[in-house]
2 protein chains.
Amino acid sequence: MTDSYNIAVVGATGAVGSVMLKLLEERNFPVAEIRAFASGRSAGQTVPFKGGELEVEELTASGFEGVQVALFSAGGARSKEFAPAAVAAGAVVIDNSSAFRQEPNVPLVVPEVNPGDIKWHEGIIANPNCSTIQMVVALKPIYDAVGIERIIVTTFQSVSGTGNKAIEELFNQSEAVLESGDVEVNVYPHRIAFNVLPHIEHFHDNGYTNEEVKMINETRKIFDDPGIRVTATCARVPIFNAHCESINIQTMRPVSVDEVRRLLLAAPGVTLFDDPAANEYPMPLMAEGKDDVFVGRIREDDSAENSLNLWVVSDNLRKGAATNAVQIAELLAGGGLLE
Amino acid sequence: MTDSYNIAVVGATGAVGSVMLKLLEERNFPVAEIRAFASGRSAGQTVPFKGGELEVEELTASGFEGVQVALFSAGGARSKEFAPAAVAAGAVVIDNSSAFRQEPNVPLVVPEVNPGDIKWHEGIIANPNCSTIQMVVALKPIYDAVGIERIIVTTFQSVSGTGNKAIEELFNQSEAVLESGDVEVNVYPHRIAFNVLPHIEHFHDNGYTNEEVKMINETRKIFDDPGIRVTATCARVPIFNAHCESINIQTMRPVSVDEVRRLLLAAPGVTLFDDPAANEYPMPLMAEGKDDVFVGRIREDDSAENSLNLWVVSDNLRKGAATNAVQIAELLAGGGLLE
């Protein structure tokens, strides 16, 4: 075990990659050496780190020599192509793409939920989908206390999950709409400014989007509960950052709203923000830039036995991606699991 | 029975009132005389109608002489104060506020769903809440064919439902955010631009908002089914016009997605728009300015027996308010129910 570690961030110029660098700094991760990788297009640019600038290197299979932890966030195709090389060079890969999430030998880890799963990795640990992470963090304390039978979730997802291009698109389109100018549509199949798209990633034959399928399958894997019943509807809304989720759950045993509040108050990574009389409920604006998952609007649903509604908001670039990945690295380092 | 009718629009300068005038014109409602009422503040302004301009009169209790149908959309307090005077003067009031919706002697009518209820009015017919109207129009064909046991709905509501001030607020705040200027918050308790507020109307003690309570109670009254189980989560999103709803239903008897499609294709007031492979699904942008309720993303929910997910979008100023009110007036006129 060493005291500090050689880290690589793959996709360092992207929306998530740049937050990964920021978080390694903010959380004071023990970095010995750090390297920033991106596509050839971005090589030679610099990215800020600890008051200085890191030169971005082109991602190649031979570039991982000496790297102990490689944080990947450059899309599934890059992960599939380059993660094996990083592992072969001795690194543990923490992969933010969906490339390996359902592989049986790849743990899918949310540190507040299933930290023990990092132990059985074989070189790659997958970071779950943003919408799944915030949901399982909020539900874990309830799941442990009274069991959860069924989850019905509807998401309100920001554009930052799509990347920097989508952030620019929302900005430019919004400006064009306000100024009655020409709206260009490039990133999504339809205008996102002042619109809602019930469409995130491609459609499967059963009519569900890939994002919806991920929420179902990843929840089962993270809770290690293939029988948990989940259905999801995922929509893109015209906000820059942070996702909202309207979640309806049916628990195995009765639980009161007060008891759920107590459970969430004691839960790691969760901030209970639930005082409607004072207009206090989670919103993207208040969650942005924070690492916690915010939960509010907790109320009994008398339309079915043992049912509750909750409203869950979190910064999808942070807890939904970069924070969770850096927390996994911290678990590895703290557990003496890095060579 | 006359062939054309004296109509009053109360709240004629508001977001809904101005669409009511436009619809009376568009739908060629047989208008003999038309009068536009608003608060004293707006009196003397003009509003467009059939190529000319109507002078707006101050709303007073004595102003309804000769009026046969009064379309009210000026808020609950004005309806409570002035609707009885309109009824006393011989008018039928079609009231868009929530003031009378739960009164036992006031029918709550959606023409595609419960047209027969107009017959038992005693002077006032209530127009339901915007979010309720689009939901019951979409669900009615399924309700009739196989029964519905439970509805779990999450709404994405535009600002136009709050009125012209909110439309301006979204515009001004969006501009300020894009230009890094000062954002003023006046209409809602928090900024709405590039944000989501899980808060529509005041909170009840059980944690539900009044909007959520309306969706539950109004659905029961319109379907004349006090036992139907409904739960709702209502959120305001930063779009100008048209509401989206993510609806999960449990039916009494099994029904396939194909059968639901066939039912909706044959349903009045519904446009089936459900071809995900071609990126075709309902969105605010495509529903705006149209009178129908658009339904798509219909899919089986295998997390419970006999369950389905649907995505329903409609223009809340039109079918959610003005169109529905004018359709009620048409029913009255067509049925010989106006004196």
# chains A, B, ... in the order shown; residues from 1 in each chain; ligands from 1

$ interface_residues --of "chain B" --to "chain A" --cutoff "9 Å" --atoms "only C-alpha atoms" --output "mmCIF file with C-alpha atoms, in the first residue's frame"
data_model
loop_
_atom_site.group_PDB
_atom_site.id
_atom_site.type_symbol
_atom_site.label_atom_id
_atom_site.label_comp_id
_atom_site.auth_asym_id
_atom_site.auth_seq_id
_atom_site.Cartn_x
_atom_site.Cartn_y
_atom_site.Cartn_z
ATOM 1 C CA ARG B 150 -55.236 2.871 -9.945
ATOM 2 C CA ILE B 151 -53.522 5.903 -11.499
ATOM 3 C CA ILE B 152 -50.058 7.175 -10.555
ATOM 4 C CA THR B 154 -46.399 12.844 -12.426
ATOM 5 C CA PHE B 156 -44.535 18.513 -16.027
ATOM 6 C CA PHE B 171 -39.049 35.021 -20.293
ATOM 7 C CA SER B 174 -34.338 33.106 -18.773
ATOM 8 C CA GLU B 175 -32.890 36.182 -20.437
ATOM 9 C CA LEU B 178 -28.313 33.648 -20.196
ATOM 10 C CA PRO B 189 -41.409 31.191 -4.499
ATOM 11 C CA HIS B 190 -38.227 30.289 -6.407
ATOM 12 C CA ARG B 191 -36.670 30.950 -9.789
ATOM 13 C CA ALA B 193 -35.968 29.607 -15.367
ATOM 14 C CA PHE B 194 -33.767 26.510 -15.887
ATOM 15 C CA ASN B 195 -35.208 25.029 -12.697
ATOM 16 C CA VAL B 196 -38.013 22.669 -11.644
ATOM 17 C CA LEU B 197 -40.434 23.399 -8.779
ATOM 18 C CA PRO B 198 -42.299 20.433 -7.279
ATOM 19 C CA HIS B 199 -44.895 22.871 -6.035
ATOM 20 C CA HIS B 202 -50.607 25.676 -1.687
ATOM 21 C CA PHE B 203 -49.689 22.668 0.423
ATOM 22 C CA HIS B 204 -52.234 20.659 2.392
ATOM 23 C CA ASP B 205 -51.411 19.179 5.800
ATOM 24 C CA ASN B 206 -50.841 15.740 4.285
ATOM 25 C CA GLY B 207 -47.963 17.117 2.195
ATOM 26 C CA TYR B 208 -49.857 17.137 -1.110
ATOM 27 C CA ILE B 228 -60.820 4.972 -8.240
ATOM 28 C CA ARG B 229 -57.406 5.148 -6.628
ATOM 29 C CA VAL B 230 -55.242 8.063 -7.752
ATOM 30 C CA THR B 231 -51.990 9.577 -6.561
ATOM 31 C CA ALA B 232 -50.250 12.573 -8.117
ATOM 32 C CA THR B 233 -46.998 14.516 -8.043
ATOM 33 C CA VAL B 237 -41.078 23.070 -15.479
ATOM 34 C CA PRO B 238 -39.543 26.002 -17.370
ATOM 35 C CA ILE B 239 -41.646 25.833 -20.515
ATOM 36 C CA PHE B 240 -44.121 28.418 -21.707
ATOM 37 C CA ASN B 241 -47.130 26.357 -22.667
ATOM 38 C CA CYS B 244 -46.809 16.740 -19.989
ATOM 39 C CA SER B 246 -46.192 10.553 -17.112
ATOM 40 C CA ASN B 248 -48.948 4.728 -14.860
ATOM 41 C CA PRO B 276 -40.615 6.031 -31.073
ATOM 42 C CA ALA B 277 -38.536 4.531 -33.888
ATOM 43 C CA ASN B 279 -38.676 9.905 -32.765
ATOM 44 C CA TYR B 281 -43.843 11.112 -29.168
ATOM 45 C CA PRO B 282 -45.881 13.953 -27.707
ATOM 46 C CA MET B 283 -43.993 17.108 -26.692
ATOM 47 C CA PRO B 284 -45.117 20.594 -25.592
ATOM 48 C CA LEU B 285 -43.732 22.103 -28.801
ATOM 49 C CA ARG B 297 -44.948 6.120 -25.266
ATOM 50 C CA ILE B 298 -47.578 3.505 -24.489
ATOM 51 C CA ARG B 299 -45.907 0.444 -23.034
ATOM 52 C CA GLU B 300 -46.560 -2.489 -20.819
ATOM 53 C CA ASP B 301 -45.301 -2.115 -17.250
ATOM 54 C CA ASP B 302 -44.243 -5.558 -16.120
ATOM 55 C CA SER B 303 -43.633 -4.397 -12.546
ATOM 56 C CA ALA B 304 -47.296 -5.127 -11.733
ATOM 57 C CA ASN B 309 -47.190 3.545 -18.833
ATOM 58 C CA LEU B 310 -48.345 6.440 -21.040
ATOM 59 C CA TRP B 311 -47.066 9.924 -21.870
#

$ calpha_fit_and_write --fixed "chain A" --moving "chain B" --output "CSV table (one decimal) with C-alpha atoms, in the first residue's frame"
chain,number,residue,atom,x,y,z
B,1,MET,CA,0.1,0.0,-0.2
B,2,THR,CA,1.3,3.5,-1.0
B,3,ASP,CA,0.2,6.7,0.6
B,4,SER,CA,-0.6,8.5,-2.7
B,5,TYR,CA,-1.6,7.2,-6.1
B,6,ASN,CA,-1.0,7.8,-9.8
B,7,ILE,CA,-4.3,8.7,-11.3
B,8,ALA,CA,-5.5,9.1,-14.9
B,9,VAL,CA,-8.7,10.9,-15.9
B,10,VAL,CA,-9.9,9.7,-19.4
B,11,GLY,CA,-12.2,12.2,-21.0
B,12,ALA,CA,-10.7,15.0,-19.1
B,13,THR,CA,-12.1,17.8,-21.2
B,14,GLY,CA,-15.7,16.5,-21.0
B,15,ALA,CA,-18.5,17.6,-18.8
B,16,VAL,CA,-17.9,14.7,-16.3
B,17,GLY,CA,-14.1,14.5,-16.7
B,18,SER,CA,-13.6,18.1,-15.7
B,19,VAL,CA,-15.7,17.6,-12.6
B,20,MET,CA,-13.7,14.5,-11.7
B,21,LEU,CA,-10.5,16.6,-11.7
B,22,LYS,CA,-12.2,19.3,-9.6
B,23,LEU,CA,-13.4,16.6,-7.1
B,24,LEU,CA,-10.0,15.0,-6.8
B,25,GLU,CA,-8.8,18.4,-5.8
B,26,GLU,CA,-11.8,19.4,-3.6
B,27,ARG,CA,-11.8,16.1,-1.7
B,28,ASN,CA,-8.0,16.1,-1.4
B,29,PHE,CA,-7.6,12.7,-2.9
B,30,PRO,CA,-4.0,11.6,-2.3
B,31,VAL,CA,-2.6,12.1,-5.8
B,32,ALA,CA,1.0,11.3,-6.5
B,33,GLU,CA,0.9,11.9,-10.3
B,34,ILE,CA,-2.1,12.8,-12.4
B,35,ARG,CA,-2.6,12.5,-16.1
B,36,ALA,CA,-5.4,13.9,-18.3
B,37,PHE,CA,-6.4,11.9,-21.4
B,38,ALA,CA,-8.7,12.8,-24.2
B,39,SER,CA,-9.2,12.3,-27.9
B,40,GLY,CA,-6.4,13.4,-30.3
B,41,ARG,CA,-8.6,16.4,-31.1
B,42,SER,CA,-8.1,17.8,-27.5
B,43,ALA,CA,-4.5,16.7,-27.0
B,44,GLY,CA,-2.3,19.6,-26.2
B,45,GLN,CA,-5.1,21.6,-24.6
B,46,THR,CA,-4.7,22.2,-20.9
B,47,VAL,CA,-7.1,21.6,-18.0
B,48,PRO,CA,-6.9,23.2,-14.6
B,49,PHE,CA,-5.8,21.1,-11.6
B,50,LYS,CA,-4.7,22.4,-8.1
B,51,GLY,CA,-3.9,25.9,-9.3
B,52,GLY,CA,-1.9,24.7,-12.2
B,53,GLU,CA,-2.6,23.4,-15.7
B,54,LEU,CA,-2.4,19.8,-16.9
B,55,GLU,CA,-1.5,19.1,-20.5
B,56,VAL,CA,-4.1,16.8,-22.1
B,57,GLU,CA,-2.5,13.7,-23.7
B,58,GLU,CA,-4.0,11.7,-26.5
B,59,LEU,CA,-5.6,8.5,-25.3
B,60,THR,CA,-3.7,5.5,-26.5
B,61,ALA,CA,-3.5,1.9,-25.3
B,62,SER,CA,0.1,2.3,-24.4
B,63,GLY,CA,-0.3,5.3,-22.2
B,64,PHE,CA,-1.3,3.7,-18.9
B,65,GLU,CA,2.2,2.7,-17.6
B,66,GLY,CA,2.4,3.4,-13.9
B,67,VAL,CA,-1.3,4.4,-13.5
B,68,GLN,CA,-3.0,2.9,-10.5
B,69,VAL,CA,-6.5,4.3,-10.9
B,70,ALA,CA,-8.0,5.3,-14.2
B,71,LEU,CA,-11.3,7.2,-14.1
B,72,PHE,CA,-13.0,6.8,-17.5
B,73,SER,CA,-15.7,9.1,-18.7
B,74,ALA,CA,-15.2,9.2,-22.5
B,75,GLY,CA,-18.2,7.2,-23.7
B,76,GLY,CA,-18.8,3.4,-24.0
B,77,ALA,CA,-16.8,2.9,-27.2
B,78,ARG,CA,-13.6,4.4,-25.7
B,79,SER,CA,-14.1,2.4,-22.5
B,80,LYS,CA,-14.4,-0.8,-24.4
B,81,GLU,CA,-11.4,0.0,-26.5
B,82,PHE,CA,-9.0,1.3,-23.8
B,83,ALA,CA,-10.1,0.0,-20.4
B,84,PRO,CA,-8.6,-3.5,-21.0
B,85,ALA,CA,-5.2,-1.8,-21.8
B,86,ALA,CA,-5.4,0.2,-18.5
B,87,VAL,CA,-6.2,-3.0,-16.6
B,88,ALA,CA,-3.3,-4.8,-18.3
B,89,ALA,CA,-1.0,-2.0,-17.3
B,90,GLY,CA,-2.0,-2.6,-13.6
B,91,ALA,CA,-4.6,0.1,-13.1
B,92,VAL,CA,-8.1,-0.3,-11.6
B,93,VAL,CA,-10.6,1.2,-14.0
B,94,ILE,CA,-13.6,3.1,-12.6
B,95,ASP,CA,-15.7,3.4,-15.6
B,96,ASN,CA,-18.5,5.9,-15.9
B,97,SER,CA,-19.9,4.5,-19.2
B,98,SER,CA,-22.5,1.8,-19.5
B,99,ALA,CA,-20.1,-0.5,-21.4
B,100,PHE,CA,-19.4,-3.0,-18.5
B,101,ARG,CA,-22.2,-2.3,-16.1
B,102,GLN,CA,-24.1,-5.6,-16.7
B,103,GLU,CA,-21.0,-7.8,-17.0
B,104,PRO,CA,-21.1,-10.5,-14.3
B,105,ASN,CA,-17.5,-9.9,-13.3
B,106,VAL,CA,-17.8,-6.1,-13.0
B,107,PRO,CA,-19.2,-4.7,-9.8
B,108,LEU,CA,-21.6,-1.8,-10.1
B,109,VAL,CA,-21.0,0.3,-7.1
B,110,VAL,CA,-22.6,3.2,-5.2
B,111,PRO,CA,-20.5,3.6,-2.0
B,112,GLU,CA,-23.5,4.4,0.2
B,113,VAL,CA,-25.3,1.4,-1.0
B,114,ASN,CA,-23.1,-1.6,-1.9
B,115,PRO,CA,-19.5,-0.6,-0.9
B,116,GLY,CA,-18.6,-4.3,-0.3
B,117,ASP,CA,-19.0,-5.1,-4.0
B,118,ILE,CA,-15.7,-3.3,-4.8
B,119,LYS,CA,-13.9,-6.3,-3.4
B,120,TRP,CA,-14.7,-8.7,-6.2
B,121,HIS,CA,-13.6,-6.5,-9.1
B,122,GLU,CA,-11.2,-8.0,-11.7
B,123,GLY,CA,-9.8,-4.7,-12.8
B,124,ILE,CA,-13.0,-2.8,-13.8
B,125,ILE,CA,-15.5,-1.3,-11.4
B,126,ALA,CA,-18.6,0.3,-13.1
B,127,ASN,CA,-20.1,3.6,-12.0
B,128,PRO,CA,-23.9,3.4,-12.4
B,129,ASN,CA,-26.1,5.6,-14.5
B,130,CYS,CA,-26.7,9.1,-13.0
B,131,SER,CA,-30.5,8.6,-12.6
B,132,THR,CA,-30.0,5.2,-10.9
B,133,ILE,CA,-27.4,6.5,-8.4
B,134,GLN,CA,-29.5,9.2,-6.9
B,135,MET,CA,-32.5,6.9,-6.7
B,136,VAL,CA,-30.7,4.1,-4.9
B,137,VAL,CA,-29.0,6.4,-2.5
B,138,ALA,CA,-32.4,7.9,-1.5
B,139,LEU,CA,-34.1,4.5,-1.3
B,140,LYS,CA,-31.4,2.4,0.4
B,141,PRO,CA,-32.3,3.3,4.0
B,142,ILE,CA,-35.9,2.5,3.3
B,143,TYR,CA,-35.0,-0.7,1.5
B,144,ASP,CA,-32.9,-1.9,4.5
B,145,ALA,CA,-35.5,-0.9,7.1
B,146,VAL,CA,-38.7,-2.3,5.5
B,147,GLY,CA,-38.0,-3.7,2.1
B,148,ILE,CA,-39.1,-2.3,-1.2
B,149,GLU,CA,-41.4,-4.3,-3.5
B,150,ARG,CA,-42.0,-1.9,-6.4
B,151,ILE,CA,-40.6,1.4,-7.7
B,152,ILE,CA,-42.4,3.6,-10.2
B,153,VAL,CA,-40.1,6.5,-11.2
B,154,THR,CA,-40.4,9.4,-13.6
B,155,THR,CA,-37.3,11.5,-14.2
B,156,PHE,CA,-36.8,15.1,-15.1
B,157,GLN,CA,-33.2,15.1,-16.5
B,158,SER,CA,-30.9,18.0,-17.3
B,159,VAL,CA,-28.9,18.3,-20.5
B,160,SER,CA,-25.5,18.1,-18.8
B,161,GLY,CA,-25.8,14.4,-18.8
B,162,THR,CA,-25.5,14.5,-22.5
B,163,GLY,CA,-22.3,16.5,-22.3
B,164,ASN,CA,-20.9,19.9,-23.1
B,165,LYS,CA,-22.4,20.0,-26.6
B,166,ALA,CA,-25.9,19.7,-25.1
B,167,ILE,CA,-25.2,22.5,-22.5
B,168,GLU,CA,-24.3,24.7,-25.4
B,169,GLU,CA,-27.3,23.6,-27.4
B,170,LEU,CA,-29.7,24.5,-24.6
B,171,PHE,CA,-28.0,27.9,-24.2
B,172,ASN,CA,-28.0,28.7,-27.9
B,173,GLN,CA,-31.5,27.5,-28.5
B,174,SER,CA,-32.9,29.4,-25.5
B,175,GLU,CA,-31.3,32.6,-26.7
B,176,ALA,CA,-32.7,32.1,-30.2
B,177,VAL,CA,-36.2,31.4,-28.9
B,178,LEU,CA,-36.1,34.5,-26.7
B,179,GLU,CA,-34.8,36.7,-29.5
B,180,SER,CA,-37.2,35.1,-32.1
B,181,GLY,CA,-34.2,33.9,-34.0
B,182,ASP,CA,-33.5,30.7,-35.9
B,183,VAL,CA,-33.2,27.6,-33.6
B,184,GLU,CA,-30.7,25.1,-34.7
B,185,VAL,CA,-31.3,21.5,-33.6
B,186,ASN,CA,-28.1,19.3,-33.5
B,187,VAL,CA,-27.7,17.3,-30.3
B,188,TYR,CA,-31.2,15.9,-29.7
B,189,PRO,CA,-33.8,14.9,-32.3
B,190,HIS,CA,-36.0,17.9,-31.3
B,191,ARG,CA,-35.5,21.3,-29.8
B,192,ILE,CA,-34.9,21.1,-26.1
B,193,ALA,CA,-35.2,24.8,-25.2
B,194,PHE,CA,-38.6,25.4,-23.6
B,195,ASN,CA,-39.6,21.8,-24.5
B,196,VAL,CA,-39.7,18.4,-22.9
B,197,LEU,CA,-38.4,15.2,-24.6
B,198,PRO,CA,-39.6,11.9,-23.3
B,199,HIS,CA,-36.6,10.3,-24.9
B,200,ILE,CA,-33.2,9.5,-23.4
B,201,GLU,CA,-30.9,7.2,-25.4
B,202,HIS,CA,-32.2,4.8,-28.0
B,203,PHE,CA,-35.5,2.9,-27.9
B,204,HIS,CA,-35.8,-0.8,-27.3
B,205,ASP,CA,-38.4,-3.0,-29.0
B,206,ASN,CA,-40.6,-3.0,-26.0
B,207,GLY,CA,-41.0,0.8,-26.2
B,208,TYR,CA,-38.7,1.6,-23.3
B,209,THR,CA,-35.7,3.8,-23.8
B,210,ASN,CA,-32.2,2.6,-22.9
B,211,GLU,CA,-32.1,5.0,-20.0
B,212,GLU,CA,-35.3,3.5,-18.6
B,213,VAL,CA,-34.0,0.0,-19.0
B,214,LYS,CA,-30.8,1.0,-17.2
B,215,MET,CA,-32.7,2.3,-14.3
B,216,ILE,CA,-34.5,-1.0,-14.0
B,217,ASN,CA,-31.5,-3.4,-14.5
B,218,GLU,CA,-29.0,-1.3,-12.5
B,219,THR,CA,-31.3,-1.0,-9.5
B,220,ARG,CA,-31.6,-4.8,-9.4
B,221,LYS,CA,-27.8,-5.3,-9.7
B,222,ILE,CA,-26.9,-2.6,-7.1
B,223,PHE,CA,-29.5,-3.9,-4.5
B,224,ASP,CA,-28.5,-7.5,-5.5
B,225,ASP,CA,-32.2,-8.1,-5.8
B,226,PRO,CA,-33.3,-9.5,-9.1
B,227,GLY,CA,-36.9,-9.7,-7.9
B,228,ILE,CA,-37.4,-6.0,-7.2
B,229,ARG,CA,-40.0,-4.6,-9.5
B,230,VAL,CA,-39.2,-1.3,-11.2
B,231,THR,CA,-40.7,0.7,-14.0
B,232,ALA,CA,-39.4,4.0,-15.3
B,233,THR,CA,-40.3,6.9,-17.6
B,234,CYS,CA,-37.3,9.2,-18.4
B,235,ALA,CA,-37.7,12.7,-19.8
B,236,ARG,CA,-35.2,15.4,-20.7
B,237,VAL,CA,-36.2,18.9,-19.5
B,238,PRO,CA,-34.6,22.2,-20.4
B,239,ILE,CA,-32.4,22.7,-17.4
B,240,PHE,CA,-28.6,22.8,-17.4
B,241,ASN,CA,-27.7,20.6,-14.5
B,242,ALA,CA,-29.2,18.2,-11.8
B,243,HIS,CA,-31.9,15.6,-12.3
B,244,CYS,CA,-35.2,15.4,-10.5
B,245,GLU,CA,-37.1,12.2,-9.8
B,246,SER,CA,-40.7,11.6,-8.8
B,247,ILE,CA,-40.6,8.3,-7.1
B,248,ASN,CA,-43.5,6.1,-5.9
B,249,ILE,CA,-42.6,3.1,-3.8
B,250,GLN,CA,-44.4,0.2,-2.3
B,251,THR,CA,-42.7,-1.2,0.7
B,252,MET,CA,-42.8,-4.8,2.0
B,253,ARG,CA,-43.8,-3.7,5.5
B,254,PRO,CA,-45.7,-0.5,6.7
B,255,VAL,CA,-43.6,2.6,7.3
B,256,SER,CA,-44.7,6.0,8.3
B,257,VAL,CA,-43.6,9.3,6.7
B,258,ASP,CA,-42.0,10.3,10.0
B,259,GLU,CA,-40.1,7.0,10.2
B,260,VAL,CA,-38.8,7.5,6.6
B,261,ARG,CA,-37.7,11.0,7.6
B,262,ARG,CA,-35.8,9.6,10.5
B,263,LEU,CA,-34.2,7.0,8.3
B,264,LEU,CA,-33.1,9.6,5.7
B,265,LEU,CA,-31.8,12.0,8.3
B,266,ALA,CA,-29.4,9.3,9.5
B,267,ALA,CA,-28.4,8.2,6.0
B,268,PRO,CA,-25.0,8.9,4.4
B,269,GLY,CA,-25.0,11.0,1.3
B,270,VAL,CA,-28.6,12.1,1.8
B,271,THR,CA,-29.9,15.6,2.8
B,272,LEU,CA,-33.5,15.6,3.9
B,273,PHE,CA,-35.0,18.9,2.6
B,274,ASP,CA,-38.7,18.6,3.3
B,275,ASP,CA,-40.5,21.6,4.8
B,276,PRO,CA,-43.2,22.4,2.3
B,277,ALA,CA,-44.8,25.0,4.6
B,278,ALA,CA,-41.5,27.0,4.2
B,279,ASN,CA,-41.4,26.3,0.4
B,280,GLU,CA,-38.4,24.0,1.1
B,281,TYR,CA,-38.2,21.0,-1.3
B,282,PRO,CA,-35.4,19.8,-3.5
B,283,MET,CA,-34.8,21.7,-6.8
B,284,PRO,CA,-32.0,21.6,-9.4
B,285,LEU,CA,-31.0,25.1,-8.5
B,286,MET,CA,-30.2,24.2,-4.9
B,287,ALA,CA,-28.7,20.7,-5.7
B,288,GLU,CA,-26.3,22.0,-8.3
B,289,GLY,CA,-22.6,21.9,-7.2
B,290,LYS,CA,-23.4,19.8,-4.2
B,291,ASP,CA,-22.5,16.1,-3.6
B,292,ASP,CA,-25.5,14.9,-1.7
B,293,VAL,CA,-28.8,13.5,-2.9
B,294,PHE,CA,-31.7,15.7,-1.7
B,295,VAL,CA,-35.0,14.2,-0.7
B,296,GLY,CA,-38.3,15.9,0.0
B,297,ARG,CA,-42.0,15.9,-0.6
B,298,ILE,CA,-42.3,12.6,1.3
B,299,ARG,CA,-45.9,11.7,1.7
B,300,GLU,CA,-48.1,8.7,2.1
B,301,ASP,CA,-49.8,7.5,-1.0
B,302,ASP,CA,-53.2,6.1,0.0
B,303,SER,CA,-53.9,4.7,-3.5
B,304,ALA,CA,-52.2,1.5,-2.5
B,305,GLU,CA,-51.1,-0.3,0.7
B,306,ASN,CA,-47.6,0.6,2.1
B,307,SER,CA,-47.0,3.2,-0.6
B,308,LEU,CA,-45.1,6.5,-0.5
B,309,ASN,CA,-44.2,9.3,-2.9
B,310,LEU,CA,-40.8,11.1,-2.8
B,311,TRP,CA,-39.1,13.8,-4.8
B,312,VAL,CA,-35.3,13.3,-5.2
B,313,VAL,CA,-32.9,15.7,-6.8
B,314,SER,CA,-29.1,15.5,-7.3
B,315,ASP,CA,-26.3,17.0,-9.4
B,316,ASN,CA,-25.9,14.4,-12.1
B,317,LEU,CA,-22.4,15.5,-12.9
B,318,ARG,CA,-21.4,15.1,-9.3
B,319,LYS,CA,-23.1,12.3,-7.3
B,320,GLY,CA,-24.6,11.0,-10.6
B,321,ALA,CA,-21.1,10.6,-12.1
B,322,ALA,CA,-17.8,12.2,-10.9
B,323,THR,CA,-18.4,12.2,-7.1
B,324,ASN,CA,-19.5,8.6,-7.1
B,325,ALA,CA,-16.4,7.6,-9.2
B,326,VAL,CA,-14.0,9.5,-6.9
B,327,GLN,CA,-15.8,7.9,-3.8
B,328,ILE,CA,-15.1,4.5,-5.3
B,329,ALA,CA,-11.4,5.5,-5.7
B,330,GLU,CA,-11.4,6.6,-2.1
B,331,LEU,CA,-12.9,3.3,-1.0
B,332,LEU,CA,-10.1,1.5,-2.9
B,333,ALA,CA,-7.4,3.6,-1.4
B,334,GLY,CA,-8.9,3.5,2.1
B,335,GLY,CA,-9.3,-0.3,1.9
B,336,GLY,CA,-5.7,-0.9,0.8
B,337,LEU,CA,-7.0,-2.3,-2.4
B,338,LEU,CA,-4.6,-0.4,-4.7
B,339,GLU,CA,-1.2,-1.7,-5.5

$ select_by_dssp --residues "region 94-167 of chain A" --states "strand (DSSP E or B)" --output "number ranges by chain"
A: 94-95, 108, 124-126, 148-157
